[in-house]
Amino acid sequence: MAERSFAHEVQKLRAGQGEVFKGEGILAITKALLQSGVSYVGGYQGSPISHLMDVLNDAQEILGELGVHFEANGSEATAAAMLSASINYPLRGAVTWKSTVGTNVASDALSNLASSGVTGGAMVIVGEDYGEGSSIMQERTYAFAMKAQMWLIDPRPNLPSIVDMVEKGFALSEASNTPLFFMMRIRGCHVTGEFFAKDNQPPAFSDRNPVFPNREAEKIILPPNVYEQEREKIAERLPAALKFIREHQLNEFFPGKFEQLGIVVQGGVYNTVIRALQRQGLANAFGDSDIPIYVMNVAYPLVPEELVTFCRDKQQVLVLEEGQPEYVEQGIHTILRRNGVDTRVYGKDIMPMAGEYTGQVMLHGLTRFLQAARLPGVELPLDLAAVEALRTPLTEDDRLTLMDNVPPRPSGLCTGCPERPLFSALKQVQKELGPFHISSDIGCHSFATLAPFNLGNTIMGYGLSLASSSGIRHTLPHKSISIMGDGGFWHNGLTSGVTSAVFNKHDGLLIIVDNGYAAATGGQDIPSLVEPNKIIATTIDADRAGRDDQQPIDEACRGAGVKWIRTVSTYSVDTMKDTLREALTTEEKGLKVIIAEGECMLNRQRRIKPLMKQSISSGKRTLRARFMVDSETCTGDHACIRISGCPSLTIKPNPDPLRKDPVSYVDNSCVGCGVCGANAHAAILCPSFSRVDLIYNPSRWDRTVAGVRQRVIGWFQARGERKDRAQVL
Amino acid sequence: MSQKTINMVIAALGGEGGGVLSNWLIDVADREGWMCQSTSLAGVAQRTGATIYYLELFPRSAITDGRLPVMSLFPAQGDIDIAVASEVAEAGRMVQRGFVTPDRTTLIASDHRVYGITEKQHLSDGIIDADRLRDVAQRYARNYVHYDMQALASEHNTVISAILFGTIAGAEVLPFSRGSFEATIQATGKAVKANLAAFEASYQRARQGGVETFEPVHVTPSQESGFQLPPARSGHGRELLSHIERFPSSCHEVLYQAVLKLVDYQDAAYAAQYLDMLQPVFEADSGDNDHDLTRETARYLVLWMCFEDIPRVAQFKTRATRMDKVREEVRAEPDQLFNVTEFFRPRVEEVCAMLPAGLGRRVQDSPICNRLIGMFSGGKRLRTNTVSVYVMLRLLAACRRWRRASLGYQHEHAMIRRWLDAVIGAASTDPALAREVAELGRLVKGYGDTRLRTTGQVGVMLTRLQGEAECSAETLRQWRESALADDEGEAFRRQLAA
């Protein structure tokens with residue numbers, strides 16, 4: 001069960017011809033896929049397209065009605081290989097992933113797919129995670145599209161354009177026998193809007209209407225076919241694509257009165273250009289621009305005829321291409337020169353090479369272009385100096401004040417996260433045996449590399465931590481330590497990591513953080529389950545709906561030849577410390593695997609909260625645990641925070657007028673996981689932590705016992721108070 | 001080109017309902033015949049971080065030929081009409097990023113704090129100055145609507161996004177009627193009554209014009225608090241208070257609080273001893289800054305003298321007022337029953353510190369005794385609301401009667417003596433240095449390893465101070481600050497070696 005449920009929203013996918021569909025970009029894409037008659041869909045979650053996977057997952061009933069096959073693939077490579085269904089048959093299919101990381105994982109299958117060519121439309125919807133808010137290294141999918149010759153669609157970020165381009169994209173893929181990328185930027189994935197729906201199309205082939213097995217030997221990736229396929233790419237598929245793009249007007253020309261100028265832009269950044277033009281008084285709210293604009297909704301391939309037509313009679317053209325290298329700009333230069341067009345082309349000479357084209361960046365670049373163009377009779381509302389001043393209105397003093405007083409907010413583990421006690425334990429063991437070199441991985445646990453844990457040296461990719469320990473392990477003063485999530489383990493870690501390590505007699509430690517879900521991407525289900533944890537303080541629990549087909553991690557490791565495997569609940573900090581110590585000091589050779597188990601607290605709370613509410617309102621005796629800090633015994637050193645970082649463990653002003661340092665404080669969001677207490681014990685912190693079990697609907701026995709205790713303790717307390725009064729000043 | 005979009009940016013922290021707030025605003029716009037395009041950097045992976053939502057609004061009435069307006073997906077510097085922040089530091093971040101400009105931006109932000117990790121993990125006090133943020137925000141926003149929205153949310157048992165919603169309505173920055181906002185809340189069908197009440201309250205708060213006129217506070221409390229010593233109500237009180245009166249009035253509040261604490265900690269004689277120990281500091285004090293040397297030494301001296309040994313902790317845990325404090329802290333209902341479990345882990349050292357000095361030392365040095373006590377120390381979970389645990393803790397608390405003879409007392413007072421002598425010694429020659437030596441007292445805190453580290457560092461600095469002919473206040477300040485840089489003592493070692 002994913003973090004965000006679309007169960008309600010997917011009903012919109014049933015909208016028929018002419019109905020207005022309102023919603024998020026992700027949902028619109030799903031609707032467009034159904035309108036295009038896809039036969040199969042798949043993918044691997046990751047921001048910004050996690051929600052696309054969630055929508056597909058929640059829409060299984062609707063998909064089933066139409067006969068659309070869905071798979072939550074094991075990795076992007078699996079998803080890409082799925083597209084091979086379109087090689088021999090006119091099946092339309094779409095898969096999705098986060099790019100460029102997912103594209104890298106998928107690249108083997110994608111390259112082969114692109115070489116074979118497709119019969120049915122094959123589409124990869126990539127969430128281009130580039131720029132502000134991105135969580136990965138910064139690269140472009142564009143490069144892959146070029147080298148493998150897959151087309152790249154980059155539509156204008158409004159719902160009608162997005163939906164239209166999905167439909168046309170399938171047709172383009174089929175017309176040119178080429179798979180393609182459909183690129184969505186982060187903000188485009190989450191943009192809301194509306195469009196007129198069409199009826200959903202059931203796929204031509206499905207479990208109801210099977211294909212007849214068809215073998216086309218020339219499409220298999222073996223010599224000499226591959227040489228022929230390479231020739232075909234250039235001689236047949238590319239011309240077919242260019243023809244289709246031109247004839248069906250996938251790219252758009254917007255006229256403007258200043259015909260000596262022009263702007264060439266990829267669809268995805270069109271809205272930002274219009275805003276910049278609006279601010280310079282050169283466009284209205286509806287995008288009518290005084291400067292002609294050529295919008296490339298198909299960013300690859302470039303269409304020479306269209307570019308020549310657009311640029312031929314212009315003096316200056318500005319190419320707006322986000323990211324680097326400037327493939328589009330180089331391509332345009334080549335096309336124009338080959339055709340003898342000597343229009344001056346501006347691009348990365350006035351725009352930044354790296355980074356996102358934000359509103360400010362776009363306004364700045366456009367203003368430079370316009371000032372260079374010196375339009376007759378046009379006075380820009382904002383000259384370059386004014387645009388630069390917009391960057392910040394702050395004086396130097398105020399800038400410094402803000403720098404000192406706006407605290408950074410790095411990502412961190414959630415309240416009650418089962419990974420927190422693991423890293424608390426590891427940090428404590430590091431104090432004894434360290435310092436450590438740790439190979440980290442992708443997932444929530446990568447936040448351990450940040451404050452307050454500061455654990456981890458490298459992140460090489462999803463499920464690659466153990467593999468990335470293999471080159472350094474022989475030089476480390478301690479046994480190598482790799483941390484991997486359960487998601488990463490199933491994605492790649494079992495084969496690239498565990499199997500290879502056992503084969504190479506890797507004498508190190510692998511910690512598999514097993515929380516039962518692909519938690520970082522939004523809590524999607526994965527092959528293995530984690531048992532609900534009875535040891536943690538949260539006192540109500542219900543068994544997670546079990547799956548009889550679950551694939552346990554420890555069995556997989558054993559199967560791969562690991563002998564030393566321990567499964568430890570992360571919340572037992574002392575046991576975890578002992579196990580870590582043992583793994584790092586044992587004489588036993590070979591890979592040591594610790595499965596650090598604890599269910600993702602976000603998912604757990606989603607399950608428990610309604611149960612707790614229901615139990616209390618139905619009058620049942622219910623316990624709810626939470627923690628607190630005694631501000632009288634807290635001395636304000638915050639050691640507890642430095643080994644925890646729990647959002648609910650915070651600070652407040654010291655109630656003691658003599659003390660200046662703020663005291664630690666547990667706020668009301670505490671879920672009672674018990675890590676504070678376990679840490680107070682394990683790290684020998686202080687006597688300030690207490691667990692409070694709140695009793696709802698107490699039994700008669702509860703009341704009786706409480707009454708007796710109150711009388712006895714009350715007598716002592718009254719006596720103490722009399723003494724205190726005697727001491728009054 | 002006349003009609004433009006209304007541009008709105010919302011900064012919220014993860015889990016604060018920024019997405020819900022955006023959806024509510026889209027719904028209001030829809031009811032009013034406006035289009036609203038929203039987008040976000042939700043970033044599923046960005047747990048607990050700051051999230052930005054961006055909305056643009058455009059009236060459908062301005063659409064003539066069915067063509068939809070082109071709206072931007074990026075908030076741009078200098079192009080924002082309304083900036084909303086769920087917390088004051090996030091308001092500062094909005095200003096920092098250039099999303100708040102004097103010519104057009106209304107800034108709507110809650111005044112409460114959600115501390116960042118850098119503030120929380122500081123070894124002493126890393127809290128940023130929110131007053132300065134408000135001061136900057138006030139000057140850069142066209143209109144700054146702010147109050148403690150979290151407090152109002154708690155009052156109405158709702159979430160901050162509901163309060164922000166009402167405040168946006170009340171600030172009248174959107175051309176929408178109040179009824180549409182309320183209709184949106186009603187349409188959610190969830191917690192409608194609470195959210196409508198919260199809406200009404202926040203709407204009214206925002207309607208009160210400038211909401212809260214902000215005045216930066218720049219006073220040091222001890223000097224201008226107007227503290228008056230209360231009259232004595234007992235014999236020992238008279239003696240102690242009259243001794244306090246012989247100190248300058250700028251020190252009275254601290255000394256009064258100190259004496260109260262010491263009487264509670266031990267007895268009146270201990271408080272008298274404290275004032276006697278402080279007397280030479282006062283006599284050596286040059287009187288700079290209203291005798292802040294005396295005042296601050298007094299502050300750290302009392303905290304040190306009330307060191308947290310086992311009897312002290314037991315005393316705190318058994319106080320009559322404790323359970324009321326717990327009830328308030330965990331927000332239990334007035335008559336709700338609850339159990340309290342304490343997490344103790346006394347070490348052999350703490351147990352020995354309670355014993356008479358001679359015995360304590362012998363026990364500490366004896367491996368057999370060590371192991372024996374070790375069997376009984378270690379992690380303890382004690383239910384303080386049970387009679388047996390309570391009585392045991394009362395007995396431990398009562399042990400404070402013999403505290404003066406204990407090993408811990410002797411140990412702490414030897415350290416205190418060294419520190420005080422250093423303060424007094426420096427006061428006559430270098431008042432600034434003396435003030436820095438006094439400030440070392442602030443480092444002394446914590447339990448177990450933390451206590452060992454902090455007192456150890458103070459000891460090292462005092463030794464260096466004695467050994468070196470010339471040590472400037474600046475050098476000592478750098479040493480002290482390095483001790484607060486990390487809890488491994490890394491920076492401290494480096495700084496002292498430099």
# chains A, B, ... in the order shown; residues from 1 in each chain; ligands from 1
$ residues_around --residues "A:Ala354" --least-positions-apart "6" --cutoff "8 Å" --atoms "only C-alpha atoms" --output "list in words"
Glu322, Gly323 and Gln324 of chain A
$ residues_around --residues "B:Leu123" --least-positions-apart "2" --cutoff "10 Å" --atoms "only C-alpha atoms" --output "MDAnalysis selection string"
(chainID A and resid 636:639 641:642 661:662) or (chainID B and resid 119:121 125:126 443 483:487)
$ atom_distance --atom1 "atom CA of A:Ile263" --atom2 "atom CA of A:Val345"
9.7 Å
$ residues_around --residues "B:Glu155" --least-positions-apart "4" --cutoff "9 Å" --atoms "only C-alpha atoms" --output "JSON, numbers by chain"
{"B": [150, 151, 198]}
$ write_last_selection --atoms "C-alpha atoms" --output "PDB file, in the first residue's frame"
ATOM      1  CA  GLN B 150       0.348  26.853  15.590  1.00  0.00           C
ATOM      2  CA  ALA B 151      -1.041  28.022  18.918  1.00  0.00           C
ATOM      3  CA  ALA B 198     -10.534  27.463  13.235  1.00  0.00           C
TER       4      ALA B 198
END
$ select_by_dssp --residues "stretch 88-187 of chain B" --states "helix (DSSP H, G or I)" --output "PyMOL selection string"
chain B and resi 88-96+117-120+130-140+149-155+160-170+178-187
$ write_last_selection --atoms "N, CA and C atoms" --output "short mmCIF file (atom, residue, chain, number, x, y, z; two decimals), in the first residue's frame"
data_model
loop_
_atom_site.label_atom_id
_atom_site.label_comp_id
_atom_site.auth_asym_id
_atom_site.auth_seq_id
_atom_site.Cartn_x
_atom_site.Cartn_y
_atom_site.Cartn_z
N VAL B 88 8.20 30.68 10.99
CA VAL B 88 8.89 31.96 10.82
C VAL B 88 10.23 31.83 10.08
N ALA B 89 10.97 30.75 10.31
CA ALA B 89 12.25 30.62 9.60
C ALA B 89 11.99 30.37 8.11
N GLU B 90 10.87 29.70 7.81
CA GLU B 90 10.51 29.49 6.40
C GLU B 90 10.11 30.81 5.75
N ALA B 91 9.51 31.71 6.54
CA ALA B 91 9.22 33.05 6.04
C ALA B 91 10.54 33.73 5.68
N GLY B 92 11.52 33.57 6.56
CA GLY B 92 12.85 34.12 6.30
C GLY B 92 13.43 33.55 5.02
N ARG B 93 13.21 32.25 4.80
CA ARG B 93 13.74 31.62 3.60
C ARG B 93 13.06 32.19 2.35
N MET B 94 11.76 32.48 2.46
CA MET B 94 11.04 33.08 1.33
C MET B 94 11.67 34.43 0.96
N VAL B 95 11.98 35.22 1.99
CA VAL B 95 12.60 36.52 1.75
C VAL B 95 13.99 36.31 1.15
N GLN B 96 14.71 35.36 1.73
CA GLN B 96 16.07 35.06 1.28
C GLN B 96 16.09 34.67 -0.20
N ILE B 117 17.59 20.92 12.54
CA ILE B 117 18.51 19.97 13.18
C ILE B 117 19.77 20.68 13.69
N THR B 118 20.22 21.71 12.97
CA THR B 118 21.44 22.40 13.42
C THR B 118 21.18 23.14 14.73
N GLU B 119 19.94 23.56 14.93
CA GLU B 119 19.61 24.23 16.17
C GLU B 119 19.46 23.22 17.31
N LYS B 120 18.89 22.07 16.95
CA LYS B 120 18.58 21.07 17.97
C LYS B 120 19.82 20.35 18.48
N ALA B 130 14.74 34.61 15.96
CA ALA B 130 13.51 34.77 15.15
C ALA B 130 13.09 36.24 15.08
N ASP B 131 13.41 37.00 16.11
CA ASP B 131 13.05 38.43 16.08
C ASP B 131 13.70 39.14 14.90
N ARG B 132 14.94 38.77 14.64
CA ARG B 132 15.64 39.41 13.52
C ARG B 132 15.01 39.01 12.19
N LEU B 133 14.54 37.75 12.12
CA LEU B 133 13.85 37.32 10.90
C LEU B 133 12.58 38.13 10.68
N ARG B 134 11.82 38.29 11.77
CA ARG B 134 10.57 39.05 11.67
C ARG B 134 10.85 40.49 11.27
N ASP B 135 11.93 41.01 11.83
CA ASP B 135 12.30 42.38 11.51
C ASP B 135 12.59 42.54 10.01
N VAL B 136 13.33 41.59 9.46
CA VAL B 136 13.64 41.64 8.02
C VAL B 136 12.36 41.45 7.20
N ALA B 137 11.57 40.45 7.60
CA ALA B 137 10.33 40.16 6.85
C ALA B 137 9.43 41.40 6.80
N GLN B 138 9.34 42.07 7.93
CA GLN B 138 8.51 43.27 8.04
C GLN B 138 8.93 44.32 7.02
N ARG B 139 10.22 44.45 6.82
CA ARG B 139 10.71 45.50 5.95
C ARG B 139 10.62 45.15 4.47
N TYR B 140 10.59 43.86 4.15
CA TYR B 140 10.60 43.50 2.73
C TYR B 140 9.23 43.11 2.18
N MET B 149 0.31 30.86 14.54
CA MET B 149 -0.80 30.08 13.99
C MET B 149 -0.84 28.66 14.55
N GLN B 150 0.32 28.19 15.00
CA GLN B 150 0.35 26.85 15.59
C GLN B 150 -0.44 26.85 16.89
N ALA B 151 -0.31 27.93 17.66
CA ALA B 151 -1.04 28.02 18.92
C ALA B 151 -2.54 28.01 18.63
N LEU B 152 -2.94 28.76 17.61
CA LEU B 152 -4.36 28.81 17.27
C LEU B 152 -4.84 27.44 16.78
N ALA B 153 -3.98 26.77 16.03
CA ALA B 153 -4.33 25.43 15.54
C ALA B 153 -4.53 24.48 16.71
N SER B 154 -3.63 24.53 17.69
CA SER B 154 -3.75 23.65 18.85
C SER B 154 -5.03 23.96 19.62
N GLU B 155 -5.32 25.27 19.74
CA GLU B 155 -6.51 25.69 20.45
C GLU B 155 -7.76 25.07 19.83
N ILE B 160 -2.15 23.22 11.08
CA ILE B 160 -1.78 24.60 10.74
C ILE B 160 -2.28 24.99 9.35
N SER B 161 -2.44 24.01 8.45
CA SER B 161 -2.90 24.38 7.10
C SER B 161 -4.30 24.99 7.15
N ALA B 162 -5.14 24.53 8.09
CA ALA B 162 -6.48 25.08 8.22
C ALA B 162 -6.42 26.54 8.69
N ILE B 163 -5.47 26.84 9.57
CA ILE B 163 -5.31 28.21 10.07
C ILE B 163 -4.77 29.11 8.96
N LEU B 164 -3.82 28.58 8.20
CA LEU B 164 -3.28 29.35 7.08
C LEU B 164 -4.39 29.69 6.08
N PHE B 165 -5.27 28.73 5.86
CA PHE B 165 -6.39 28.91 4.94
C PHE B 165 -7.27 30.08 5.39
N GLY B 166 -7.61 30.08 6.67
CA GLY B 166 -8.43 31.17 7.21
C GLY B 166 -7.71 32.50 7.17
N THR B 167 -6.41 32.47 7.41
CA THR B 167 -5.63 33.70 7.40
C THR B 167 -5.54 34.28 5.99
N ILE B 168 -5.39 33.41 5.00
CA ILE B 168 -5.36 33.88 3.61
C ILE B 168 -6.69 34.54 3.27
N ALA B 169 -7.78 33.92 3.72
CA ALA B 169 -9.11 34.50 3.47
C ALA B 169 -9.23 35.85 4.16
N GLY B 170 -8.83 35.90 5.43
CA GLY B 170 -8.99 37.13 6.22
C GLY B 170 -8.07 38.25 5.78
N ARG B 178 -15.75 35.13 1.40
CA ARG B 178 -15.58 34.29 2.56
C ARG B 178 -16.40 33.01 2.44
N GLY B 179 -17.60 33.17 1.85
CA GLY B 179 -18.49 32.02 1.72
C GLY B 179 -17.87 30.88 0.92
N SER B 180 -17.09 31.22 -0.10
CA SER B 180 -16.47 30.17 -0.91
C SER B 180 -15.44 29.39 -0.11
N PHE B 181 -14.72 30.12 0.73
CA PHE B 181 -13.74 29.43 1.58
C PHE B 181 -14.46 28.45 2.51
N GLU B 182 -15.55 28.93 3.10
CA GLU B 182 -16.28 28.07 4.04
C GLU B 182 -16.91 26.88 3.33
N ALA B 183 -17.41 27.15 2.12
CA ALA B 183 -18.03 26.06 1.35
C ALA B 183 -17.00 24.97 1.06
N THR B 184 -15.76 25.39 0.81
CA THR B 184 -14.69 24.42 0.56
C THR B 184 -14.46 23.53 1.78
N ILE B 185 -14.43 24.17 2.94
CA ILE B 185 -14.24 23.37 4.17
C ILE B 185 -15.40 22.39 4.34
N GLN B 186 -16.61 22.90 4.10
CA GLN B 186 -17.78 22.03 4.25
C GLN B 186 -17.72 20.84 3.29
N ALA B 187 -17.25 21.12 2.08
CA ALA B 187 -17.24 20.08 1.06
C ALA B 187 -16.26 18.96 1.38
#
$ closest_residue --among "A:Gly463, A:Gly443, A:Pro376, A:Gly508" --to "chain B" --atoms "only C-alpha atoms"
A:Gly443
$ closest_residue --among "B:Gly446, B:Gly287, B:Pro231, B:Gly14" --to "chain A" --atoms "only C-alpha atoms"
B:Gly446
$ select_by_dssp --residues "stretch 476-596 of chain A" --states "strand (DSSP E)" --output "list of chain:residue names"
A:Ile481, A:Ser482, A:Ile483, A:Met484, A:Gly485, A:Leu509, A:Leu510, A:Ile511, A:Ile512, A:Val513, A:Asp514, A:Tyr517, A:Ala518, A:Gln524, A:Asp525, A:Trp564, A:Ile565, A:Arg566, A:Thr567, A:Val568, A:Ser569, A:Lys592, A:Val593, A:Ile594, A:Ile595, A:Ala596
$ write_last_selection --atoms "C-alpha atoms" --output "CSV table (one decimal), in the first residue's frame"
chain,number,residue,atom,x,y,z
A,481,ILE,CA,30.6,-2.0,6.0
A,482,SER,CA,27.9,-1.6,3.4
A,483,ILE,CA,24.3,-0.5,4.0
A,484,MET,CA,21.6,-1.4,1.6
A,485,GLY,CA,17.8,-1.1,1.7
A,509,LEU,CA,29.5,-6.7,6.7
A,510,LEU,CA,26.3,-6.0,4.7
A,511,ILE,CA,23.5,-4.3,6.7
A,512,ILE,CA,20.2,-4.7,4.9
A,513,VAL,CA,17.7,-2.2,6.1
A,514,ASP,CA,14.5,-4.1,6.0
A,517,TYR,CA,8.4,-1.3,1.6
A,518,ALA,CA,10.2,0.8,-1.0
A,524,GLN,CA,5.3,0.8,-2.5
A,525,ASP,CA,5.2,-3.0,-1.8
A,564,TRP,CA,26.5,-15.7,8.6
A,565,ILE,CA,23.1,-14.1,8.8
A,566,ARG,CA,21.5,-12.4,11.7
A,567,THR,CA,18.0,-10.8,11.8
A,568,VAL,CA,17.8,-8.1,14.5
A,569,SER,CA,15.0,-5.7,15.3
A,592,LYS,CA,28.3,-11.2,7.2
A,593,VAL,CA,24.7,-10.1,6.7
A,594,ILE,CA,22.6,-8.3,9.3
A,595,ILE,CA,19.0,-7.9,8.4
A,596,ALA,CA,18.0,-4.8,10.4
$ atom_distance --atom1 "atom CA of A:Met362" --atom2 "atom CA of B:Val100"
19.0 Å
$ residues_around --residues "A:Lys620" --least-positions-apart "4" --cutoff "12 Å" --atoms "only C-alpha atoms" --output "CSV table (one decimal) with N, CA and C atoms, in the first residue's frame"
chain,number,residue,atom,x,y,z
A,540,ILE,N,-0.7,-0.6,20.4
A,540,ILE,CA,-1.7,-1.4,19.7
A,540,ILE,C,-1.1,-1.9,18.4
A,611,LEU,N,-7.1,2.1,13.7
A,611,LEU,CA,-7.5,1.1,14.7
A,611,LEU,C,-7.5,1.6,16.1
A,612,MET,N,-6.5,2.5,16.4
A,612,MET,CA,-6.5,3.1,17.7
A,612,MET,C,-7.7,3.9,18.0
A,613,LYS,N,-8.1,4.7,17.0
A,613,LYS,CA,-9.2,5.6,17.1
A,613,LYS,C,-10.5,4.7,17.4
A,614,GLN,N,-10.6,3.7,16.6
A,614,GLN,CA,-11.8,2.9,16.7
A,614,GLN,C,-11.8,2.2,18.0
A,615,SER,N,-10.7,1.7,18.5
A,615,SER,CA,-10.6,1.0,19.7
A,615,SER,C,-11.0,1.9,20.9
A,616,ILE,N,-10.6,3.2,20.8
A,616,ILE,CA,-10.9,4.1,21.9
A,616,ILE,C,-12.4,4.4,21.9
A,695,ILE,N,-3.8,5.5,29.4
A,695,ILE,CA,-4.8,4.5,29.4
A,695,ILE,C,-6.2,5.1,29.0
A,696,TYR,N,-6.7,4.6,28.0
A,696,TYR,CA,-8.1,5.0,27.6
A,696,TYR,C,-9.0,3.9,28.0
A,697,ASN,N,-10.2,4.3,28.4
A,697,ASN,CA,-11.2,3.4,28.9
A,697,ASN,C,-10.7,2.4,29.9
A,698,PRO,N,-10.1,2.9,31.0
A,698,PRO,CA,-9.5,2.0,32.0
A,698,PRO,C,-10.5,1.0,32.6
A,699,SER,N,-10.0,-0.1,33.0
A,699,SER,CA,-10.8,-1.2,33.6
A,699,SER,C,-11.0,-0.8,35.1
$ atom_distance --atom1 "atom CA of A:Val429" --atom2 "atom CA of A:Thr449"
16.0 Å
$ closest_residue --among "A:Ser468, A:Asn603, A:Thr119, A:Ser75" --to "A:Asn214" --atoms "only C-alpha atoms"
A:Thr119
$ residues_around --residues "A:Cys686" --least-positions-apart "2" --cutoff "9 Å" --atoms "only C-alpha atoms" --output "NGL selection string"
(:A and (633-634 or 640 or 680-681 or 683-684 or 688-689)) or (:B and (343-346 or 446-448))
$ write_last_selection --atoms "N, CA and C atoms" --output "PDB file, in the first residue's frame"
ATOM      1  N   THR A 633      15.583  17.415  34.927  1.00  0.00           N
ATOM      2  CA  THR A 633      16.846  16.670  34.961  1.00  0.00           C
ATOM      3  C   THR A 633      17.658  16.869  33.675  1.00  0.00           C
ATOM      4  N   CYS A 634      17.016  17.399  32.625  1.00  0.00           N
ATOM      5  CA  CYS A 634      17.746  17.652  31.377  1.00  0.00           C
ATOM      6  C   CYS A 634      18.689  18.831  31.578  1.00  0.00           C
ATOM      7  N   CYS A 640      21.171  13.385  23.245  1.00  0.00           N
ATOM      8  CA  CYS A 640      20.085  12.501  22.788  1.00  0.00           C
ATOM      9  C   CYS A 640      19.699  12.829  21.357  1.00  0.00           C
ATOM     10  N   ALA A 680      18.845   6.077  25.634  1.00  0.00           N
ATOM     11  CA  ALA A 680      19.236   6.542  26.964  1.00  0.00           C
ATOM     12  C   ALA A 680      19.955   5.415  27.694  1.00  0.00           C
ATOM     13  N   HIS A 681      19.490   4.174  27.456  1.00  0.00           N
ATOM     14  CA  HIS A 681      20.147   3.020  28.057  1.00  0.00           C
ATOM     15  C   HIS A 681      21.457   2.701  27.354  1.00  0.00           C
ATOM     16  N   ALA A 683      23.395   4.296  25.227  1.00  0.00           N
ATOM     17  CA  ALA A 683      24.483   5.269  25.171  1.00  0.00           C
ATOM     18  C   ALA A 683      24.756   5.870  26.546  1.00  0.00           C
ATOM     19  N   ILE A 684      24.101   5.345  27.576  1.00  0.00           N
ATOM     20  CA  ILE A 684      24.243   5.850  28.949  1.00  0.00           C
ATOM     21  C   ILE A 684      24.109   7.376  28.949  1.00  0.00           C
ATOM     22  N   SER A 688      16.606  11.422  32.025  1.00  0.00           N
ATOM     23  CA  SER A 688      15.515  12.352  31.740  1.00  0.00           C
ATOM     24  C   SER A 688      14.375  11.750  30.922  1.00  0.00           C
ATOM     25  N   PHE A 689      14.619  10.589  30.288  1.00  0.00           N
ATOM     26  CA  PHE A 689      13.573  10.048  29.426  1.00  0.00           C
ATOM     27  C   PHE A 689      12.592   9.169  30.190  1.00  0.00           C
TER      28      PHE A 689
ATOM     29  N   PHE B 343      13.648   5.644  32.390  1.00  0.00           N
ATOM     30  CA  PHE B 343      14.791   4.915  31.835  1.00  0.00           C
ATOM     31  C   PHE B 343      16.056   5.375  32.550  1.00  0.00           C
ATOM     32  N   PHE B 344      16.494   4.560  33.501  1.00  0.00           N
ATOM     33  CA  PHE B 344      17.720   4.890  34.245  1.00  0.00           C
ATOM     34  C   PHE B 344      18.833   3.954  33.823  1.00  0.00           C
ATOM     35  N   ARG B 345      20.051   4.463  33.834  1.00  0.00           N
ATOM     36  CA  ARG B 345      21.182   3.560  33.696  1.00  0.00           C
ATOM     37  C   ARG B 345      22.333   4.092  34.540  1.00  0.00           C
ATOM     38  N   PRO B 346      22.229   3.935  35.863  1.00  0.00           N
ATOM     39  CA  PRO B 346      23.326   4.408  36.707  1.00  0.00           C
ATOM     40  C   PRO B 346      24.555   3.545  36.465  1.00  0.00           C
ATOM     41  N   GLY B 446      25.440  17.615  32.023  1.00  0.00           N
ATOM     42  CA  GLY B 446      25.275  16.264  31.501  1.00  0.00           C
ATOM     43  C   GLY B 446      25.526  15.195  32.543  1.00  0.00           C
ATOM     44  N   TYR B 447      25.396  13.957  32.081  1.00  0.00           N
ATOM     45  CA  TYR B 447      25.577  12.795  32.941  1.00  0.00           C
ATOM     46  C   TYR B 447      26.589  11.877  32.277  1.00  0.00           C
ATOM     47  N   GLY B 448      27.095  10.946  33.053  1.00  0.00           N
ATOM     48  CA  GLY B 448      27.945   9.893  32.489  1.00  0.00           C
ATOM     49  C   GLY B 448      29.103  10.458  31.675  1.00  0.00           C
TER      50      GLY B 448
END
$ residues_around --residues "A:Gly131" --least-positions-apart "5" --cutoff "9 Å" --atoms "only C-alpha atoms" --output "number ranges by chain"
A: 138, 186, 323, 355-358
$ residues_around --residues "stretch 56-60 of chain A" --least-positions-apart "4" --cutoff "6 Å" --atoms "only C-alpha atoms" --output "compact mmCIF listing (two decimals) with C-alpha atoms, in the first residue's frame"
# COMPACT_ATOMS: atom_id res chain seq x y z
CA ALA A 7 -8.17 4.96 -5.14
CA VAL A 10 -8.53 6.90 -10.47
CA GLY A 64 -8.39 -5.06 -15.91
$ closest_residue --among "A:Thr367, A:Gln229, A:Ser5, A:Ser39" --to "A:Phe205" --atoms "only C-alpha atoms"
A:Ser39
$ closest_residue --among "B:Ala197, B:Met71, B:Ala427, B:Ile82" --to "chain A" --atoms "only C-alpha atoms"
B:Met71
